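Visitor: Just one file: target-v6.cif, with mmCIF, C-alpha atoms and all ligand atoms.
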```cif
data_structure
#
loop_
_atom_site.label_atom_id
_atom_site.label_comp_id
_atom_site.auth_asym_id
_atom_site.auth_seq_id
_atom_site.Cartn_x
_atom_site.Cartn_y
_atom_site.Cartn_z
CA MET R 1 15.90 -16.87 8.63
CA THR R 2 12.89 -19.22 8.60
CA LYS R 3 12.90 -21.32 5.42
CA THR R 4 9.63 -23.21 5.74
CA LEU R 5 6.46 -22.73 7.72
CA THR R 6 3.98 -25.55 8.22
CA ILE R 7 0.50 -24.71 9.48
CA ARG R 8 -2.79 -26.54 9.73
CA ARG R 9 -4.70 -26.20 6.49
CA PRO R 10 -6.45 -22.82 6.42
CA ASP R 11 -10.15 -22.03 6.01
CA ASP R 12 -11.64 -18.95 4.38
CA TRP R 13 -14.48 -17.55 6.49
CA HIS R 14 -15.89 -15.29 3.75
CA LEU R 15 -15.71 -16.19 0.06
CA HIS R 16 -17.55 -15.42 -3.19
CA LEU R 17 -17.52 -18.35 -5.60
CA ARG R 18 -20.26 -17.20 -8.03
CA ASP R 19 -21.89 -19.81 -10.24
CA GLY R 20 -21.57 -21.55 -13.62
CA ASP R 21 -18.43 -20.87 -15.67
CA MET R 22 -17.05 -18.38 -13.15
CA LEU R 23 -17.49 -20.88 -10.30
CA ARG R 24 -15.62 -23.55 -12.25
CA ALA R 25 -12.80 -21.09 -13.05
CA VAL R 26 -12.28 -19.64 -9.55
CA LEU R 27 -13.06 -22.55 -7.20
CA PRO R 28 -9.76 -24.45 -7.76
CA HIS R 29 -7.78 -21.37 -6.66
CA THR R 30 -9.44 -21.65 -3.25
CA SER R 31 -9.79 -25.42 -2.93
CA ARG R 32 -6.09 -25.95 -3.67
CA ASP R 33 -5.10 -24.18 -0.43
CA PHE R 34 -8.21 -24.02 1.77
CA ALA R 35 -10.06 -26.91 3.40
CA ARG R 36 -13.34 -25.07 3.96
CA ALA R 37 -14.93 -21.74 3.17
CA ILE R 38 -18.03 -19.83 4.20
CA ILE R 39 -19.78 -19.36 0.86
CA MET R 40 -21.51 -16.04 0.31
CA PRO R 41 -25.11 -16.28 -0.90
CA ASN R 42 -25.20 -13.13 -3.08
CA LEU R 43 -25.97 -14.88 -6.34
CA VAL R 44 -28.58 -13.50 -8.74
CA PRO R 45 -31.14 -14.49 -7.51
CA PRO R 46 -29.73 -14.90 -3.98
CA VAL R 47 -29.53 -18.13 -1.96
CA VAL R 48 -32.45 -17.59 0.42
CA THR R 49 -33.88 -21.00 1.35
CA GLY R 50 -32.46 -24.29 2.53
CA ASP R 51 -33.34 -25.78 -0.85
CA ASP R 52 -31.40 -23.02 -2.63
CA ALA R 53 -28.37 -23.70 -0.42
CA ARG R 54 -28.53 -27.45 -1.07
CA ALA R 55 -28.67 -26.94 -4.83
CA TYR R 56 -25.81 -24.40 -4.75
CA ARG R 57 -23.70 -26.72 -2.60
CA ASP R 58 -24.24 -29.49 -5.15
CA ARG R 59 -23.13 -27.20 -7.99
CA ILE R 60 -19.99 -26.28 -6.04
CA MET R 61 -19.16 -29.94 -5.38
CA ALA R 62 -19.71 -30.74 -9.07
CA ALA R 63 -17.21 -27.99 -9.99
CA LEU R 64 -14.54 -29.21 -7.55
CA PRO R 65 -11.40 -30.78 -9.09
CA ALA R 66 -11.39 -34.51 -8.31
CA ASP R 67 -8.12 -34.36 -6.36
CA HIS R 68 -9.10 -31.42 -4.15
CA ASP R 69 -10.42 -31.88 -0.61
CA PHE R 70 -12.77 -28.97 0.10
CA THR R 71 -16.00 -28.45 2.05
CA PRO R 72 -18.24 -25.48 1.28
CA LEU R 73 -19.96 -24.10 4.38
CA MET R 74 -23.20 -22.67 3.08
CA THR R 75 -25.05 -19.53 4.17
CA LEU R 76 -28.54 -18.18 3.65
CA TYR R 77 -29.22 -14.65 2.51
CA LEU R 78 -31.45 -13.02 5.11
CA THR R 79 -34.49 -11.27 3.66
CA GLU R 80 -37.54 -9.78 5.31
CA ASN R 81 -39.42 -12.92 4.21
CA THR R 82 -36.98 -15.48 5.61
CA ASP R 83 -38.81 -18.25 7.48
CA PRO R 84 -37.28 -19.08 10.90
CA ASP R 85 -38.36 -22.73 10.53
CA ASP R 86 -36.58 -23.09 7.19
CA VAL R 87 -33.40 -21.63 8.72
CA ALA R 88 -33.62 -23.94 11.74
CA ALA R 89 -34.22 -26.99 9.52
CA ALA R 90 -31.25 -26.16 7.27
CA HIS R 91 -29.09 -25.75 10.37
CA ALA R 92 -30.33 -29.02 11.89
CA ASP R 93 -29.52 -30.83 8.62
CA GLY R 94 -25.94 -29.55 8.80
CA LEU R 95 -26.54 -27.72 5.54
CA ILE R 96 -25.76 -24.16 6.63
CA ALA R 97 -23.12 -22.69 8.91
CA ALA R 98 -24.45 -19.12 9.12
CA VAL R 99 -27.02 -16.61 7.91
CA LYS R 100 -25.89 -13.50 6.07
CA LEU R 101 -27.21 -10.01 6.71
CA TYR R 102 -26.90 -7.45 3.95
CA PRO R 103 -28.47 -4.06 4.55
CA ALA R 104 -30.41 -3.58 1.27
CA GLY R 105 -28.18 -2.01 -1.37
CA ALA R 106 -24.94 -2.15 0.62
CA THR R 107 -22.82 -4.10 -1.87
CA THR R 108 -22.86 -6.25 -5.00
CA ASN R 109 -26.18 -8.10 -5.42
CA SER R 110 -27.61 -6.95 -2.12
CA ALA R 111 -30.89 -5.51 -3.40
CA SER R 112 -32.92 -8.19 -1.55
CA GLY R 113 -31.33 -7.36 1.77
CA VAL R 114 -32.90 -6.00 4.93
CA THR R 115 -34.39 -2.52 5.24
CA ASP R 116 -36.63 -2.92 8.30
CA PHE R 117 -34.77 -4.81 11.03
CA THR R 118 -37.89 -5.41 13.11
CA ARG R 119 -39.10 -7.73 10.35
CA VAL R 120 -36.15 -10.12 10.79
CA ALA R 121 -36.35 -10.19 14.60
CA PRO R 122 -38.07 -13.64 14.69
CA VAL R 123 -35.28 -15.17 12.58
CA LEU R 124 -32.58 -13.58 14.74
CA GLU R 125 -34.35 -14.83 17.86
CA ARG R 126 -34.38 -18.38 16.54
CA MET R 127 -30.73 -18.15 15.50
CA ALA R 128 -29.79 -17.02 19.00
CA GLN R 129 -31.66 -20.04 20.42
CA ILE R 130 -29.94 -22.58 18.16
CA GLY R 131 -26.50 -20.94 18.19
CA LEU R 132 -26.39 -20.20 14.47
CA PRO R 133 -24.06 -17.25 13.71
CA LEU R 134 -25.12 -14.14 11.82
CA CYS R 135 -22.53 -12.81 9.36
CA THR R 136 -22.95 -9.08 8.79
CA HIS R 137 -22.04 -6.78 5.95
CA GLY R 138 -21.59 -3.88 8.33
CA GLU R 139 -22.32 -0.74 6.38
CA VAL R 140 -25.34 1.52 6.52
CA THR R 141 -26.76 2.43 3.14
CA ASP R 142 -28.15 5.84 4.05
CA PRO R 143 -27.05 8.07 1.13
CA GLU R 144 -26.50 10.91 3.59
CA ILE R 145 -23.73 9.00 5.32
CA ASP R 146 -20.28 9.41 3.79
CA ILE R 147 -19.06 6.14 2.30
CA PHE R 148 -15.94 6.20 4.50
CA ASP R 149 -18.14 6.44 7.63
CA ARG R 150 -20.66 3.76 6.80
CA GLU R 151 -19.04 1.00 8.84
CA ALA R 152 -18.66 3.11 11.98
CA VAL R 153 -22.25 4.33 11.70
CA PHE R 154 -23.50 0.75 11.17
CA ILE R 155 -21.93 -0.26 14.47
CA ASP R 156 -23.74 2.49 16.36
CA ARG R 157 -27.07 2.47 14.55
CA VAL R 158 -27.59 -1.18 13.65
CA LEU R 159 -25.14 -3.64 15.15
CA ASP R 160 -25.08 -2.50 18.73
CA PRO R 161 -28.91 -2.16 19.05
CA MET R 162 -29.36 -5.54 17.32
CA ARG R 163 -26.97 -7.26 19.73
CA ARG R 164 -28.73 -5.67 22.69
CA ASN R 165 -32.11 -6.86 21.38
CA HIS R 166 -30.79 -10.39 20.79
CA PRO R 167 -28.29 -10.99 23.58
CA GLY R 168 -27.52 -14.61 22.68
CA LEU R 169 -26.97 -13.98 18.99
CA ARG R 170 -23.50 -14.93 17.73
CA VAL R 171 -22.28 -12.33 15.26
CA VAL R 172 -19.38 -12.14 12.83
CA MET R 173 -18.53 -8.62 11.74
CA GLU R 174 -17.29 -9.35 8.27
CA HIS R 175 -14.45 -7.76 6.33
CA ILE R 176 -13.85 -5.04 8.95
CA THR R 177 -12.02 -1.95 7.69
CA THR R 178 -11.83 0.45 10.63
CA SER R 179 -10.24 0.81 14.05
CA ASN R 180 -13.82 1.45 15.26
CA ALA R 181 -14.71 -2.14 14.37
CA VAL R 182 -11.53 -3.51 15.96
CA ASP R 183 -12.32 -1.62 19.16
CA TYR R 184 -15.95 -2.77 19.16
CA VAL R 185 -14.91 -6.42 18.89
CA LYS R 186 -12.34 -6.07 21.65
CA ALA R 187 -14.89 -4.44 23.96
CA HIS R 188 -17.49 -7.23 23.68
CA ASP R 189 -16.03 -10.62 24.27
CA THR R 190 -18.94 -13.03 24.10
CA GLY R 191 -20.32 -14.30 20.83
CA LEU R 192 -18.65 -11.65 18.71
CA ALA R 193 -15.82 -12.00 16.20
CA ALA R 194 -14.59 -10.31 13.03
CA THR R 195 -13.10 -11.40 9.76
CA ILE R 196 -10.37 -9.42 8.04
CA THR R 197 -9.58 -9.65 4.34
CA THR R 198 -6.18 -10.01 2.76
CA HIS R 199 -6.49 -6.82 0.73
CA HIS R 200 -7.52 -4.60 3.66
CA LEU R 201 -4.25 -5.56 5.38
CA VAL R 202 -2.36 -4.27 2.35
CA ILE R 203 -4.09 -1.25 0.82
CA ASN R 204 -5.43 2.02 2.15
CA ARG R 205 -7.58 4.50 0.22
CA ASN R 206 -4.55 6.18 -1.35
CA HIS R 207 -3.88 2.99 -3.28
CA ILE R 208 -7.28 3.39 -4.94
CA LEU R 209 -7.27 7.11 -5.56
CA ALA R 210 -3.81 8.73 -5.48
CA GLY R 211 -1.91 9.16 -8.75
CA GLY R 212 -4.70 7.73 -10.91
CA ILE R 213 -7.81 5.69 -10.17
CA ARG R 214 -7.22 1.96 -9.74
CA PRO R 215 -10.45 0.04 -10.22
CA HIS R 216 -8.88 -3.27 -9.22
CA TYR R 217 -8.45 -1.90 -5.69
CA TYR R 218 -12.07 -0.80 -5.45
CA CYS R 219 -14.05 -3.05 -3.15
CA LEU R 220 -16.69 -2.74 -0.44
CA PRO R 221 -16.34 -1.82 2.27
CA VAL R 222 -13.94 0.62 0.62
CA ALA R 223 -10.41 0.72 2.07
CA LYS R 224 -10.03 3.49 4.64
CA ARG R 225 -7.12 5.73 5.70
CA GLU R 226 -3.76 4.36 6.82
CA THR R 227 -4.46 4.49 10.58
CA HIS R 228 -7.31 2.02 10.04
CA ARG R 229 -5.17 -0.32 7.96
CA LEU R 230 -2.58 -0.34 10.75
CA ALA R 231 -5.29 -1.16 13.31
CA LEU R 232 -6.39 -4.11 11.16
CA ARG R 233 -2.82 -5.37 10.84
CA ALA R 234 -2.36 -5.09 14.61
CA ALA R 235 -5.60 -7.01 15.24
CA ALA R 236 -4.87 -9.74 12.69
CA THR R 237 -1.34 -10.36 13.97
CA SER R 238 -2.17 -9.94 17.67
CA GLY R 239 -3.11 -13.54 18.31
CA ASP R 240 -6.53 -12.41 19.62
CA PRO R 241 -8.81 -15.36 18.70
CA ARG R 242 -11.72 -13.06 17.83
CA PHE R 243 -10.00 -12.04 14.57
CA PHE R 244 -9.66 -14.45 11.66
CA LEU R 245 -9.32 -14.63 7.90
CA GLY R 246 -12.22 -14.05 5.54
CA THR R 247 -10.69 -13.18 2.19
CA ASP R 248 -13.85 -11.76 0.59
CA SER R 249 -12.22 -12.84 -2.66
CA ALA R 250 -14.79 -11.47 -5.12
CA PRO R 251 -14.05 -12.14 -8.79
CA HIS R 252 -15.35 -9.85 -11.52
CA THR R 253 -14.18 -9.88 -15.13
CA ASP R 254 -11.91 -7.02 -16.14
CA ALA R 255 -14.67 -5.89 -18.49
CA ASN R 256 -16.94 -5.39 -15.50
CA LYS R 257 -14.26 -3.76 -13.32
CA LEU R 258 -12.94 -1.32 -15.93
CA LEU R 259 -16.12 0.64 -16.56
CA PRO R 260 -17.26 4.20 -15.85
CA CYS R 261 -19.27 2.53 -13.04
CA GLY R 262 -17.19 -0.56 -12.29
CA CYS R 263 -17.98 -3.46 -9.95
CA ALA R 264 -16.59 -3.67 -6.41
CA GLY R 265 -14.38 -6.59 -5.43
CA CYS R 266 -10.78 -7.81 -5.16
CA PHE R 267 -9.86 -11.31 -6.37
CA THR R 268 -7.36 -12.64 -3.82
CA ALA R 269 -7.91 -16.40 -3.84
CA PRO R 270 -4.77 -17.22 -5.89
CA ASN R 271 -2.26 -15.29 -3.76
CA THR R 272 -3.82 -14.83 -0.33
CA LEU R 273 -1.45 -17.13 1.55
CA PRO R 274 1.79 -15.69 0.08
CA ILE R 275 0.50 -12.18 0.85
CA LEU R 276 -0.51 -13.06 4.41
CA ALA R 277 2.85 -14.72 5.06
CA GLU R 278 4.52 -11.50 3.90
CA VAL R 279 2.30 -9.32 6.11
CA PHE R 280 2.80 -11.50 9.18
CA GLU R 281 6.56 -11.63 8.57
CA GLN R 282 6.68 -7.83 8.28
CA GLU R 283 4.90 -7.67 11.65
CA ASN R 284 7.28 -10.25 13.20
CA ALA R 285 4.27 -12.48 13.75
CA LEU R 286 4.79 -15.50 11.48
CA ASP R 287 4.15 -17.69 14.53
CA ARG R 288 0.62 -16.22 14.68
CA LEU R 289 -0.30 -16.83 11.04
CA GLU R 290 -1.76 -20.26 11.83
CA GLY R 291 -4.09 -18.81 14.45
CA PHE R 292 -5.44 -16.26 12.00
CA THR R 293 -5.85 -18.61 9.03
CA SER R 294 -6.53 -22.00 10.62
CA LEU R 295 -7.47 -21.97 14.33
CA ASN R 296 -9.50 -18.92 15.37
CA GLY R 297 -12.24 -19.34 12.76
CA PRO R 298 -13.05 -22.98 13.52
CA ALA R 299 -13.06 -22.20 17.24
CA PHE R 300 -15.68 -19.47 16.78
CA TYR R 301 -17.83 -21.62 14.51
CA GLY R 302 -17.54 -24.61 16.85
CA LEU R 303 -15.75 -26.79 14.30
CA PRO R 304 -12.52 -28.77 14.66
CA ALA R 305 -9.37 -27.31 13.14
CA ASN R 306 -8.20 -29.18 10.05
CA ASP R 307 -5.85 -32.13 10.57
CA ALA R 308 -4.12 -31.75 7.22
CA THR R 309 -1.25 -29.26 6.95
CA LEU R 310 0.01 -26.75 4.41
CA THR R 311 3.64 -25.72 4.04
CA LEU R 312 4.92 -22.34 2.93
CA VAL R 313 8.46 -22.26 1.53
CA ARG R 314 10.62 -19.16 1.37
CA GLU R 315 10.71 -18.86 -2.42
CA THR R 316 9.32 -16.31 -4.82
CA PRO R 317 5.85 -17.53 -5.83
CA GLU R 318 4.69 -17.60 -9.43
CA ILE R 319 1.35 -15.83 -9.44
CA PRO R 320 -0.46 -15.05 -12.67
CA ALA R 321 -1.53 -11.42 -13.16
CA GLN R 322 -4.87 -12.66 -14.45
CA ILE R 323 -6.78 -15.89 -14.71
CA ASP R 324 -8.75 -16.77 -17.83
CA THR R 325 -12.42 -17.62 -17.53
CA PRO R 326 -15.01 -18.29 -20.22
CA GLU R 327 -16.55 -14.94 -19.25
CA GLY R 328 -13.24 -13.12 -19.76
CA PRO R 329 -10.02 -12.47 -17.79
CA VAL R 330 -10.16 -11.78 -14.04
CA THR R 331 -7.27 -9.77 -12.60
CA VAL R 332 -5.60 -11.15 -9.49
CA PHE R 333 -5.11 -8.66 -6.63
CA ASP R 334 -1.68 -6.99 -6.93
CA PRO R 335 -0.22 -6.52 -3.43
CA GLY R 336 2.30 -4.01 -4.79
CA MET R 337 5.20 -5.62 -2.95
CA PRO R 338 7.54 -8.53 -3.64
CA LEU R 339 6.25 -11.85 -2.28
CA ASN R 340 8.70 -14.29 -0.77
CA TRP R 341 6.56 -17.26 0.32
CA THR R 342 5.19 -20.03 -1.89
CA VAL R 343 2.55 -22.60 -0.95
N1 LIG Q 401 -17.46 -6.63 -1.51
N2 LIG Q 401 -17.63 -7.20 -3.76
C1 LIG Q 401 -18.50 -8.20 -3.51
C2 LIG Q 401 -18.88 -8.47 -2.24
C3 LIG Q 401 -18.13 -7.83 -1.18
O1 LIG Q 401 -19.15 -6.78 0.63
C4 LIG Q 401 -18.78 -7.85 0.14
O2 LIG Q 401 -18.89 -8.92 0.72
C5 LIG Q 401 -18.98 -9.00 -4.63
O3 LIG Q 401 -18.52 -8.71 -5.74
O4 LIG Q 401 -19.77 -9.93 -4.43
C6 LIG Q 401 -17.14 -6.38 -2.77
O5 LIG Q 401 -16.42 -5.42 -3.04
ZN ZN Q 402 -19.89 -7.57 2.41
ZN ZN Q 403 -18.04 -10.50 0.46
#
```
Just give me the structure as structure tokens.
Ligand code: OTD
Ligand code: ZN
Ligand code: ZN

Guide:
Amino acid sequence: MTKTLTIRRPDDWHLHLRDGDMLRAVLPHTSRDFARAIIMPNLVPPVVTGDDARAYRDRIMAALPADHDFTPLMTLYLTENTDPDDVAAAHADGLIAAVKLYPAGATTNSASGVTDFTRVAPVLERMAQIGLPLCTHGEVTDPEIDIFDREAVFIDRVLDPMRRNHPGLRVVMEHITTSNAVDYVKAHDTGLAATITTHHLVINRNHILAGGIRPHYYCLPVAKRETHRLALRAAATSGDPRFFLGTDSAPHTDANKLLPCGCAGCFTAPNTLPILAEVFEQENALDRLEGFTSLNGPAFYGLPANDATLTLVRETPEIPAQIDTPEGPVTVFDPGMPLNWTV
């Protein structure tokens, strides 16, 4: 049996770091293991301009432990008022790695997102010209659409028309949760990729709802039925370079999760790599873990893979159930299975 596994240092292509005290508390759990991360812009207020992104990047760097080597890859939150010139300037300065599309109201802090897609066409056109990727939260927000169908309907109603209207636009379908999304990626091989989270490889909707409601498993997009989870596992472990890791680690205090109307999000930064090693080992695909965590993402974003390495050892990891923050405890995602790999 394999005893150690050394891979290039991973990157996280979708991460929520928050701000202030929460940022300082959660950042080290990512920067210990990951060399880079795409930083989500859904702060309150959101990161919408190049100046906002520069200031947020500076706050992240100020919160970074002195002995950690970590580069935040910033994103701008696309609104109907986003200025194509500001986006292009931030890209030219090397400040941003992507622009983020939230349909208005789709997830946490997405109220400033897009309602009328014709209004963002000039920005998308410019992004296609300069090769700047669009990261999409792929769910429609139409209240008439069942929450379990919102990703599949987004693909048909929004994503596919948008890609036809902007043929050169590079798109990342983020945190995919359905076989529909896997199939869509596989059917369109230029300029399209998808991130998959750690938790969606582990839980299906029964984990949230059967035998008692488990708020710590509630996230958006919500986990779907088992057939979809299996499709995600097959895609992640297939070696197909269009699929890579975006943890969507999204910390909320327990006080905000355990409410009659609790927040969405799973906090996976502290144990993502042990969980992924377990999943890939279960799928007899440990040799493909490095592609998923460390090679496919940089290739899509046109960045070099990291030179530094990370070694997993076959030992039971010590993972805290919660981390303490000045805002209160944050529960770490419980994979519900023994973990056998330690970073
Ligand atoms: N999903 N929670 C959050 C964001 C994501 O859709 C997402 O990217 C969050 O708390 O920011 C969540 O469940
Ligand atoms: Zn999202
Ligand atoms: Zn997210």

Visitor: Could you list, as a ChimeraX atom specification, all protein and nucleic acid residues with an atom at most 7 Å from ligand LIG 401 (chain Q), counting all atoms listed in the file?

Guide: /R:16,42,107-109,137,218-221,248,250-252,263-266

Visitor: Report the distance between atom CA of Asp324 of chain R and atom CA of Ile38 of chain R in Å, rounded to one decimal place.

Guide: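 These atoms are spaced 24.1 Å apart.
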
Visitor: Which neighbours of His166 of chain R fall inside 9 Å, counting only C-alpha atoms, when residues of the same chain fewer than 6 positions from it are skipped, and could you give them as a ChimeraX atom specification?

Guide: /R:121,124-125,128

Visitor: Output C-alpha atoms for every residue in that selection, as a PDB file, in the frame of the given file.

Guide:
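Okay, result_17.pdb is ready:
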```pdb
ATOM      1  CA  ALA R 121     -36.350 -10.190  14.600  1.00  0.00           C
ATOM      2  CA  LEU R 124     -32.580 -13.580  14.740  1.00  0.00           C
ATOM      3  CA  GLU R 125     -34.350 -14.830  17.860  1.00  0.00           C
ATOM      4  CA  ALA R 128     -29.790 -17.020  19.000  1.00  0.00           C
TER       5      ALA R 128
END
```

Visitor: So that I can see what lies close to Thr316 of chain R, please list as a ChimeraX atom specification the residues with an atom at most 12 Å from it, counting only C-alpha atoms and leaving out residues fewer than 6 positions away in the same chain.

Guide: /R:3,271,274-275,277-278,337-343

Visitor: Just give me the residues with any atom within 9 Å of (-10.3, -0.6, -14.8), file coordinates, counting only C-alpha atoms, written as a PyMOL selection string.

Guide: chain R and resi 213-216+254-260+262

Visitor: In the coordinate frame of the file, compute which residues have an atom within 9 Å of (-29.7, -21.9, 7.0) when using all atoms listed in the file, and state them as a PyMOL selection string.

Guide: chain R and resi 48-50+53+74-77+84+86-92+94-99+132

Visitor: How would segment 180-192 of chain R of the given structure read as a file with N, CA, C and O atoms, as a PDB file, in the first residue's frame?

Guide:
```
ATOM      1  N   ASN R 180     -25.621  16.894 -15.452  1.00  0.00           N
ATOM      2  CA  ASN R 180     -25.900  17.785 -16.591  1.00  0.00           C
ATOM      3  C   ASN R 180     -24.698  18.694 -16.838  1.00  0.00           C
ATOM      4  O   ASN R 180     -24.307  18.944 -17.985  1.00  0.00           O
ATOM      5  N   ALA R 181     -24.136  19.232 -15.768  1.00  0.00           N
ATOM      6  CA  ALA R 181     -22.986  20.126 -15.909  1.00  0.00           C
ATOM      7  C   ALA R 181     -21.763  19.361 -16.404  1.00  0.00           C
ATOM      8  O   ALA R 181     -21.019  19.838 -17.265  1.00  0.00           O
ATOM      9  N   VAL R 182     -21.547  18.174 -15.865  1.00  0.00           N
ATOM     10  CA  VAL R 182     -20.421  17.350 -16.326  1.00  0.00           C
ATOM     11  C   VAL R 182     -20.555  17.097 -17.827  1.00  0.00           C
ATOM     12  O   VAL R 182     -19.598  17.271 -18.596  1.00  0.00           O
ATOM     13  N   ASP R 183     -21.758  16.736 -18.248  1.00  0.00           N
ATOM     14  CA  ASP R 183     -21.972  16.431 -19.671  1.00  0.00           C
ATOM     15  C   ASP R 183     -21.777  17.677 -20.540  1.00  0.00           C
ATOM     16  O   ASP R 183     -21.230  17.592 -21.641  1.00  0.00           O
ATOM     17  N   TYR R 184     -22.229  18.828 -20.033  1.00  0.00           N
ATOM     18  CA  TYR R 184     -22.091  20.059 -20.817  1.00  0.00           C
ATOM     19  C   TYR R 184     -20.607  20.400 -21.025  1.00  0.00           C
ATOM     20  O   TYR R 184     -20.190  20.766 -22.126  1.00  0.00           O
ATOM     21  N   VAL R 185     -19.824  20.257 -19.964  1.00  0.00           N
ATOM     22  CA  VAL R 185     -18.384  20.531 -20.094  1.00  0.00           C
ATOM     23  C   VAL R 185     -17.760  19.588 -21.111  1.00  0.00           C
ATOM     24  O   VAL R 185     -17.018  20.006 -22.004  1.00  0.00           O
ATOM     25  N   LYS R 186     -18.084  18.318 -20.990  1.00  0.00           N
ATOM     26  CA  LYS R 186     -17.454  17.330 -21.875  1.00  0.00           C
ATOM     27  C   LYS R 186     -17.825  17.563 -23.338  1.00  0.00           C
ATOM     28  O   LYS R 186     -17.070  17.211 -24.241  1.00  0.00           O
ATOM     29  N   ALA R 187     -18.994  18.152 -23.574  1.00  0.00           N
ATOM     30  CA  ALA R 187     -19.472  18.324 -24.949  1.00  0.00           C
ATOM     31  C   ALA R 187     -18.920  19.582 -25.620  1.00  0.00           C
ATOM     32  O   ALA R 187     -19.159  19.797 -26.802  1.00  0.00           O
ATOM     33  N   HIS R 188     -18.241  20.430 -24.873  1.00  0.00           N
ATOM     34  CA  HIS R 188     -17.774  21.711 -25.425  1.00  0.00           C
ATOM     35  C   HIS R 188     -16.324  21.913 -25.020  1.00  0.00           C
ATOM     36  O   HIS R 188     -16.063  22.399 -23.924  1.00  0.00           O
ATOM     37  N   ASP R 189     -15.403  21.564 -25.909  1.00  0.00           N
ATOM     38  CA  ASP R 189     -14.039  21.477 -25.391  1.00  0.00           C
ATOM     39  C   ASP R 189     -13.181  22.722 -25.543  1.00  0.00           C
ATOM     40  O   ASP R 189     -12.038  22.707 -25.138  1.00  0.00           O
ATOM     41  N   THR R 190     -13.677  23.813 -26.058  1.00  0.00           N
ATOM     42  CA  THR R 190     -12.784  24.966 -26.087  1.00  0.00           C
ATOM     43  C   THR R 190     -13.231  26.033 -25.107  1.00  0.00           C
ATOM     44  O   THR R 190     -14.396  26.423 -25.078  1.00  0.00           O
ATOM     45  N   GLY R 191     -12.277  26.472 -24.283  1.00  0.00           N
ATOM     46  CA  GLY R 191     -12.537  27.601 -23.401  1.00  0.00           C
ATOM     47  C   GLY R 191     -13.567  27.351 -22.330  1.00  0.00           C
ATOM     48  O   GLY R 191     -14.152  28.291 -21.806  1.00  0.00           O
ATOM     49  N   LEU R 192     -13.793  26.090 -21.978  1.00  0.00           N
ATOM     50  CA  LEU R 192     -14.781  25.786 -20.949  1.00  0.00           C
ATOM     51  C   LEU R 192     -14.191  24.781 -19.963  1.00  0.00           C
ATOM     52  O   LEU R 192     -13.580  23.794 -20.378  1.00  0.00           O
TER      53      LEU R 192
END
```
